[in-house]
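Colleague: Provided below: start-v9.csv, containing CSV, C-alpha atoms and all ligand atoms.
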chain,number,residue,atom,x,y,z
A,21,MET,CA,8.9,-12.6,9.0
A,22,ALA,CA,5.1,-13.1,8.3
A,23,ILE,CA,3.6,-10.2,6.3
A,24,ARG,CA,0.0,-9.0,6.7
A,25,LEU,CA,-1.5,-7.1,3.9
A,26,VAL,CA,-5.0,-5.9,2.8
A,27,LEU,CA,-5.8,-5.4,-0.9
A,28,ILE,CA,-8.7,-3.1,-1.7
A,29,GLY,CA,-10.1,-2.1,-5.1
A,30,PRO,CA,-13.1,-2.2,-7.3
A,31,PRO,CA,-14.3,-5.4,-9.0
A,32,GLY,CA,-11.9,-6.6,-11.7
A,33,VAL,CA,-9.0,-4.3,-10.7
A,34,GLY,CA,-6.8,-7.3,-10.2
A,35,LYS,CA,-7.0,-8.1,-6.4
A,36,GLY,CA,-7.0,-11.8,-7.0
A,37,THR,CA,-4.2,-11.6,-9.6
A,38,GLN,CA,-1.9,-9.5,-7.4
A,39,SER,CA,-2.8,-11.5,-4.2
A,40,LYS,CA,-1.5,-14.6,-6.0
A,41,LEU,CA,1.8,-12.9,-7.0
A,42,LEU,CA,2.3,-11.5,-3.5
A,43,SER,CA,1.6,-14.8,-1.9
A,44,GLU,CA,4.1,-16.6,-4.1
A,45,LEU,CA,6.6,-13.9,-3.3
A,46,THR,CA,6.1,-13.8,0.5
A,47,GLY,CA,4.7,-17.2,1.5
A,48,ALA,CA,1.7,-15.3,3.1
A,49,ARG,CA,-1.7,-17.0,3.0
A,50,PRO,CA,-4.0,-15.5,0.4
A,51,LEU,CA,-7.5,-15.0,1.9
A,52,SER,CA,-10.2,-13.9,-0.6
A,53,SER,CA,-13.6,-13.5,0.9
A,54,GLY,CA,-15.2,-13.8,-2.6
A,55,LEU,CA,-13.3,-17.1,-3.3
A,56,ILE,CA,-14.3,-18.5,0.1
A,57,PHE,CA,-18.0,-17.6,-0.5
A,58,ARG,CA,-17.9,-19.2,-3.9
A,59,ALA,CA,-16.4,-22.4,-2.4
A,60,GLU,CA,-19.2,-22.4,0.2
A,61,ILE,CA,-21.8,-22.0,-2.6
A,62,GLU,CA,-20.2,-24.8,-4.6
A,63,ALA,CA,-20.3,-27.1,-1.5
A,64,ASP,CA,-23.9,-26.0,-0.9
A,65,THR,CA,-23.3,-25.2,2.8
A,66,GLU,CA,-25.7,-23.2,4.9
A,67,LEU,CA,-23.4,-20.1,4.5
A,68,GLY,CA,-23.2,-20.7,0.7
A,69,GLN,CA,-27.0,-20.8,0.5
A,70,LEU,CA,-27.2,-17.6,2.4
A,71,ALA,CA,-24.5,-15.8,0.4
A,72,LYS,CA,-25.6,-16.9,-3.1
A,73,ASP,CA,-28.4,-14.5,-3.7
A,74,TYR,CA,-26.4,-11.5,-2.5
A,75,ILE,CA,-23.5,-12.4,-4.7
A,76,ASP,CA,-25.5,-13.2,-7.8
A,77,HIS,CA,-27.0,-9.7,-7.6
A,78,GLY,CA,-23.7,-8.0,-6.8
A,79,HIS,CA,-24.7,-7.0,-3.3
A,80,LEU,CA,-22.6,-7.4,-0.2
A,81,VAL,CA,-23.2,-10.4,2.1
A,82,PRO,CA,-24.2,-9.1,5.6
A,83,ASN,CA,-21.3,-8.0,7.8
A,84,GLY,CA,-21.9,-10.4,10.7
A,85,VAL,CA,-21.5,-13.7,8.7
A,86,THR,CA,-18.7,-12.2,6.6
A,87,ILE,CA,-16.6,-11.1,9.6
A,88,GLN,CA,-17.2,-14.5,11.3
A,89,MET,CA,-16.1,-16.4,8.2
A,90,MET,CA,-12.9,-14.3,7.8
A,91,PHE,CA,-12.0,-14.3,11.5
A,92,LYS,CA,-12.2,-18.1,11.5
A,93,ARG,CA,-9.4,-18.2,9.0
A,94,LEU,CA,-7.4,-15.4,10.5
A,95,ARG,CA,-7.3,-17.3,13.8
A,96,GLN,CA,-6.0,-20.5,12.2
A,97,GLU,CA,-2.4,-21.4,13.1
A,98,GLU,CA,-1.4,-21.4,9.5
A,99,THR,CA,-2.4,-17.8,9.1
A,100,ARG,CA,-0.7,-16.8,12.4
A,101,GLN,CA,2.5,-18.4,11.2
A,102,LYS,CA,2.5,-17.4,7.5
A,103,GLY,CA,0.8,-14.0,7.7
A,104,PHE,CA,-2.0,-13.1,5.2
A,105,ILE,CA,-3.0,-11.2,2.1
A,106,LEU,CA,-6.6,-10.2,2.5
A,107,ASP,CA,-8.4,-9.7,-0.8
A,108,GLY,CA,-11.9,-8.3,-0.8
A,109,PHE,CA,-12.1,-8.0,3.0
A,110,PRO,CA,-12.7,-5.5,4.7
A,111,ARG,CA,-15.2,-4.1,2.4
A,112,THR,CA,-17.2,-1.9,4.7
A,113,VAL,CA,-16.1,0.5,7.5
A,114,ARG,CA,-17.7,-1.9,10.0
A,115,GLN,CA,-15.6,-4.8,8.7
A,116,ALA,CA,-12.4,-2.6,8.8
A,117,GLU,CA,-13.2,-1.6,12.5
A,118,ALA,CA,-13.8,-5.2,13.4
A,119,LEU,CA,-10.5,-6.2,11.7
A,120,ASP,CA,-8.6,-3.6,13.7
A,121,GLU,CA,-10.1,-4.9,16.9
A,122,GLU,CA,-9.2,-8.5,16.0
A,123,LEU,CA,-5.6,-7.6,15.1
A,124,ASP,CA,-5.3,-5.7,18.4
A,125,LYS,CA,-6.4,-8.7,20.3
A,126,GLU,CA,-3.9,-10.8,18.4
A,127,GLN,CA,-1.3,-8.1,19.0
A,128,VAL,CA,-0.3,-7.8,15.4
A,129,THR,CA,-0.5,-4.9,12.9
A,130,LEU,CA,-1.0,-4.6,9.2
A,131,ASP,CA,2.2,-4.1,7.1
A,132,GLY,CA,0.2,-2.4,4.4
A,133,VAL,CA,-3.2,-1.5,3.0
A,134,ILE,CA,-3.0,-1.4,-0.8
A,135,SER,CA,-5.5,0.5,-2.9
A,136,LEU,CA,-5.5,-0.9,-6.4
A,137,GLN,CA,-6.8,1.7,-8.9
A,138,ALA,CA,-7.6,1.5,-12.6
A,139,PRO,CA,-9.9,3.4,-15.1
A,140,LEU,CA,-13.4,2.2,-15.5
A,141,ASP,CA,-13.0,1.0,-19.1
A,142,VAL,CA,-10.0,-1.1,-18.1
A,143,ILE,CA,-12.0,-2.7,-15.3
A,144,VAL,CA,-15.0,-3.5,-17.5
A,145,HIS,CA,-12.8,-5.0,-20.1
A,146,ARG,CA,-11.1,-7.2,-17.5
A,147,LEU,CA,-14.3,-8.4,-16.0
A,148,THR,CA,-16.0,-9.2,-19.3
A,149,GLY,CA,-13.1,-11.4,-20.4
A,150,ARG,CA,-12.4,-13.2,-17.2
A,151,LEU,CA,-12.3,-16.9,-17.0
A,152,GLY,CA,-11.7,-18.9,-13.8
A,153,CYS,CA,-10.7,-22.5,-13.2
A,154,THR,CA,-13.4,-24.5,-11.5
A,155,LYS,CA,-10.7,-26.8,-10.0
A,156,CYS,CA,-7.8,-24.7,-8.7
A,157,GLY,CA,-9.1,-21.1,-9.0
A,158,GLU,CA,-6.4,-19.9,-11.4
A,159,ILE,CA,-7.6,-16.7,-13.2
A,160,TYR,CA,-7.4,-16.1,-16.9
A,161,HIS,CA,-8.6,-13.5,-19.4
A,162,SER,CA,-9.8,-14.3,-22.9
A,163,VAL,CA,-7.6,-11.5,-24.3
A,164,ASN,CA,-5.1,-10.4,-21.7
A,165,HIS,CA,-4.1,-13.8,-20.3
A,166,PRO,CA,-5.6,-16.6,-22.4
A,167,PRO,CA,-5.1,-20.3,-21.5
A,168,HIS,CA,-2.9,-22.4,-23.9
A,169,ARG,CA,-5.9,-24.7,-24.6
A,170,GLU,CA,-9.3,-23.1,-25.0
A,171,GLY,CA,-11.6,-23.7,-21.9
A,172,LEU,CA,-8.9,-25.7,-20.0
A,173,CYS,CA,-6.6,-24.6,-17.1
A,174,ASP,CA,-2.9,-24.6,-18.0
A,175,LYS,CA,-2.1,-25.7,-14.4
A,176,CYS,CA,-4.5,-28.5,-13.6
A,177,ASP,CA,-6.6,-29.2,-16.7
A,178,GLY,CA,-9.8,-28.0,-14.9
A,179,PHE,CA,-12.6,-26.4,-16.8
A,180,LEU,CA,-12.6,-22.7,-17.2
A,181,VAL,CA,-15.9,-20.8,-16.6
A,182,VAL,CA,-17.3,-17.3,-16.6
A,183,ARG,CA,-18.2,-16.3,-13.0
A,184,GLY,CA,-21.9,-16.1,-12.2
A,185,ASP,CA,-21.6,-12.5,-11.1
A,186,ASP,CA,-19.8,-11.3,-14.2
A,187,THR,CA,-23.0,-10.5,-16.0
A,188,PRO,CA,-23.4,-6.9,-17.2
A,189,GLU,CA,-26.2,-6.2,-14.5
A,190,ALA,CA,-24.2,-7.7,-11.6
A,191,ILE,CA,-21.0,-5.9,-12.7
A,192,ARG,CA,-22.9,-2.5,-12.8
A,193,GLU,CA,-24.3,-3.2,-9.3
A,194,ARG,CA,-20.8,-4.3,-7.9
A,195,LEU,CA,-19.3,-1.0,-9.1
A,196,VAL,CA,-22.1,1.0,-7.4
A,197,VAL,CA,-21.7,-1.0,-4.2
A,198,PHE,CA,-17.9,-0.4,-4.3
A,199,GLU,CA,-18.4,3.4,-4.5
A,200,GLU,CA,-21.0,3.4,-1.7
A,201,ALA,CA,-19.8,0.9,0.8
A,202,THR,CA,-16.1,0.3,0.1
A,203,ALA,CA,-14.7,3.7,-1.0
A,204,PRO,CA,-15.3,4.9,2.6
A,205,VAL,CA,-12.9,2.1,3.8
A,206,LEU,CA,-10.2,3.8,1.8
A,207,ASP,CA,-10.9,7.0,3.7
A,208,TYR,CA,-10.8,5.0,7.0
A,209,TYR,CA,-7.3,3.7,6.2
A,210,ALA,CA,-6.0,6.9,4.7
A,211,ALA,CA,-7.0,8.7,7.9
A,212,THR,CA,-4.5,6.6,9.8
A,213,GLY,CA,-1.8,6.9,7.2
A,214,ARG,CA,-1.8,3.3,6.3
A,215,LEU,CA,-2.9,3.5,2.7
A,216,MET,CA,-0.7,2.9,-0.3
A,217,ALA,CA,-2.2,3.7,-3.7
A,218,ILE,CA,-1.0,1.7,-6.7
A,219,ASP,CA,-1.8,2.2,-10.4
A,220,ALA,CA,-3.2,-1.2,-11.3
A,221,GLY,CA,-4.1,-0.2,-14.8
A,222,ARG,CA,-0.8,-1.5,-16.2
A,223,GLU,CA,0.4,-5.0,-17.0
A,224,SER,CA,0.2,-7.5,-14.1
A,225,ASP,CA,3.9,-7.9,-13.9
A,226,GLU,CA,4.5,-4.1,-13.7
A,227,VAL,CA,1.9,-3.8,-11.0
A,228,GLY,CA,3.5,-6.7,-9.1
A,229,ALA,CA,7.0,-5.2,-9.5
A,230,GLU,CA,5.9,-1.9,-8.0
A,231,LEU,CA,4.2,-3.6,-5.1
A,232,LYS,CA,7.4,-5.6,-4.5
A,233,GLN,CA,9.5,-2.5,-4.5
A,234,ARG,CA,7.1,-0.3,-2.4
A,235,LEU,CA,6.6,-3.1,0.2
A,236,ASN,CA,10.3,-3.8,0.2
A,237,LEU,CA,9.8,-7.5,-0.5
A,238,THR,CA,12.9,-9.5,-1.3
A,239,CYS,CA,12.1,-13.2,-0.6
A,240,ALA,CA,9.5,-15.7,0.7
A,301,LIG,P1,-14.9,-10.8,-5.0
A,301,LIG,O1,-14.7,-12.2,-5.4
A,301,LIG,O2,-14.0,-10.2,-4.1
A,301,LIG,O3,-15.2,-10.0,-6.3
A,301,LIG,P2,-14.8,-8.5,-6.7
A,301,LIG,O4,-14.4,-7.6,-5.6
A,301,LIG,O5,-15.9,-8.0,-7.5
A,301,LIG,O6,-13.5,-8.6,-7.4
A,301,LIG,P3,-13.1,-9.6,-8.6
A,301,LIG,O7,-12.8,-10.9,-8.0
A,301,LIG,O8,-14.2,-9.6,-9.6
A,301,LIG,O9,-11.9,-8.9,-9.2
A,301,LIG,P4,-10.4,-8.9,-8.8
A,301,LIG,O10,-10.1,-7.5,-8.3
A,301,LIG,O11,-10.0,-10.0,-7.9
A,301,LIG,O12,-9.7,-9.1,-10.2
A,301,LIG,P5,-9.0,-10.3,-10.9
A,301,LIG,O13,-7.6,-10.5,-10.3
A,301,LIG,O14,-9.9,-11.5,-10.9
A,301,LIG,O15,-16.4,-10.8,-4.3
A,301,LIG,C1,-17.5,-11.3,-5.0
A,301,LIG,C2,-18.8,-11.0,-4.2
A,301,LIG,O16,-18.7,-11.7,-2.9
A,301,LIG,C3,-19.1,-9.6,-3.8
A,301,LIG,O17,-19.7,-8.9,-4.9
A,301,LIG,C4,-20.0,-9.8,-2.6
A,301,LIG,O18,-21.2,-10.2,-3.0
A,301,LIG,C5,-19.3,-10.9,-1.9
A,301,LIG,N1,-18.3,-10.5,-0.9
A,301,LIG,C6,-16.9,-10.7,-1.1
A,301,LIG,N2,-16.3,-10.1,0.0
A,301,LIG,C7,-17.2,-9.6,0.8
A,301,LIG,C8,-17.1,-8.8,2.0
A,301,LIG,N3,-16.0,-8.5,2.5
A,301,LIG,N4,-18.3,-8.4,2.5
A,301,LIG,C9,-19.5,-8.7,1.9
A,301,LIG,N5,-19.6,-9.3,0.8
A,301,LIG,C10,-18.5,-9.8,0.2
A,301,LIG,O19,-8.8,-9.8,-12.4
A,301,LIG,C11,-9.9,-9.6,-13.2
A,301,LIG,C12,-9.5,-10.0,-14.7
A,301,LIG,O20,-8.6,-9.1,-15.2
A,301,LIG,C13,-8.9,-11.4,-14.8
A,301,LIG,O21,-9.4,-11.9,-16.0
A,301,LIG,C14,-7.4,-11.1,-14.9
A,301,LIG,O22,-6.7,-12.1,-15.6
A,301,LIG,C15,-7.3,-9.8,-15.5
A,301,LIG,N6,-6.3,-8.9,-15.0
A,301,LIG,C16,-5.9,-8.7,-13.7
A,301,LIG,N7,-4.9,-7.9,-13.6
A,301,LIG,C17,-4.6,-7.5,-14.9
A,301,LIG,C18,-3.6,-6.6,-15.5
A,301,LIG,N8,-2.8,-5.9,-14.7
A,301,LIG,N9,-3.5,-6.5,-16.8
A,301,LIG,C19,-4.4,-7.2,-17.6
A,301,LIG,N10,-5.3,-8.0,-17.1
A,301,LIG,C20,-5.4,-8.2,-15.8
A,302,MG,MG,-11.1,-11.6,-7.0
Give the structure from this file in structure tokens form.

Modeller:
Amino acid sequence: MAIRLVLIGPPGVGKGTQSKLLSELTGARPLSSGLIFRAEIEADTELGQLAKDYIDHGHLVPNGVTIQMMFKRLRQEETRQKGFILDGFPRTVRQAEALDEELDKEQVTLDGVISLQAPLDVIVHRLTGRLGCTKCGEIYHSVNHPPHREGLCDKCDGFLVVRGDDTPEAIRERLVVFEEATAPVLDYYAATGRLMAIDAGRESDEVGAELKQRLNLTCA
């Protein structure tokens, strides 16, 4: 059965890392709003041009275009069939309300909303060492998860780069934006009893194992 999950957490907590593990485990489609925006920027589309300045400064892209962009993917047949793991969306209460309305229309419900949590020093360490593959999006860390060959992706030989918004200034701003705009989304889901808090400050495999157990996942 297709699973539908939302991953929420501050920058660098490991949303992308756990989304990949959960997607491999369940077959559900990973949908990262940040990754989609970065692909639009790379392709120099109208949406990418609009989003770039917001992202580079660590601010949120306006709700309207973000909701439209994510709903386009949620309505695709592939998503309907496989289910989804939303990473980085919803990020405002308005986005969460819009998602609920959309899922109601589709007559489906979320199987879980996962709040990934880790201490600030762990988060900053993760963000400052992150490397991402320009070709396949695989995520590495210079200390926690280094590639076998410096600067090259183990999976596809693509070049590894530091993300444009992983500067100290943008990281600071993203953390502030999380507290102001996204922490209320956790309250929104907690109020309806749908929130599952996970200690994401541990090794990736440990976090993944707890998710697997708490979500009762056995196979794809
Ligand atoms: P987005 O791309 O979503 O960035 P983010 O929320 O800041 O989160 P990150 O991708 O930085 O971190 P992550 O939690 O995925 O961690 P990761 O797994 O990579 O959004 C970027 C921007 O797009 C936003 O700032 C905004 O401008 C815009 N945007 C996106 N969505 C939006 C929305 N809905 N509305 C409006 N604007 C939106 O891990 C980080 C590092 O740690 C990696 O190096 C990894 O290898 C390592 N690591 C991960 N887990 C572990 C572990 N357990 N142990 C050790 N190391 C670990
Ligand atoms: Mg991410």

Colleague: Pick out the closest residue to Val182 (chain A) from this set: A:Gly149, A:Gly213, A:Pro166, A:Pro50. Count only C-alpha atoms.

Modeller: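 Ranking A:Gly149, A:Gly213, A:Pro166, A:Pro50 by distance to Val182 (chain A), first place goes to A:Gly149.
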
Colleague: If we count all atoms listed in the file and set the cut-off at 10 Å, which residues sit around region 136-145 of chain A, ignoring sequence neighbours fewer than 6 positions away in its own chain? Please answer as a list of chain:residue names.

Modeller: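 The filter keeps A:Leu27, A:Ile28, A:Gly29, A:Pro30, A:Pro31, A:Gly32, A:Val33, A:Gly34, A:Lys35, A:Gln38, A:His161, A:Val163, A:Asn164, A:Asp186, A:Pro188, A:Ile191, A:Arg192, A:Leu195, A:Met216, A:Ala217, A:Ile218, A:Asp219, A:Ala220, A:Gly221, A:Arg222, A:Val227.
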
Colleague: What's around Arg100 (chain A) at 12 Å? Count only C-alpha atoms, leave out sequence neighbours fewer than 4 positions away in its own chain, and write the answer as a PyMOL selection string.

Modeller: chain A and resi 21-24+48-49+91-96+104-105+123+126-129

Colleague: If you count only C-alpha atoms, which residues fall within 12 Å of Leu55 (chain A), apart from same-chain ones fewer than 4 positions away, as a PyMOL selection string?

Modeller: chain A and resi 35-36+39+50-51+59-62+68+71+75+89-90+106-109+152-154+156-159+183

Colleague: With all atoms listed in the file as the basis for distance, which of A:Ser53, A:Leu67, A:Lys155, A:Lys102 is at the shortest distance from Lys175 (chain A)?

Modeller: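 Among the listed residues, A:Lys155 lies closest to Lys175 (chain A).
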
Colleague: Smallest atom-to-atom distance to Ser43 (chain A): which of A:Leu70, A:Leu237, A:Val205, A:Cys173, using all atoms listed in the file?

Modeller: A:Leu237

Colleague: Work out how far apart CA of Asp73 (chain A) and atom P1 of ligand LIG 301 (chain A) are and give it in Å to one decimal.

Modeller: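 Calculated distance between CA of Asp73 (chain A) and atom P1 of ligand LIG 301 (chain A) is 14.1 Å.
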
Colleague: Which of these, A:Ile56, A:Leu206, A:Cys176, A:Leu130, has the shortest distance to ligand LIG 301 (chain A) once you count only C-alpha atoms and all ligand atoms?

Modeller: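 Checking each candidate against ligand LIG 301 (chain A), we get A:Ile56 as the closest.
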
Colleague: Determine, counting only C-alpha atoms, which protein, DNA and RNA residues have an atom within 8 Å of an atom of His77 (chain A); residues of the same chain fewer than 2 positions away are not included. Present the result as number ranges by chain.

Modeller: A: 73-75, 79, 185, 189-190, 193
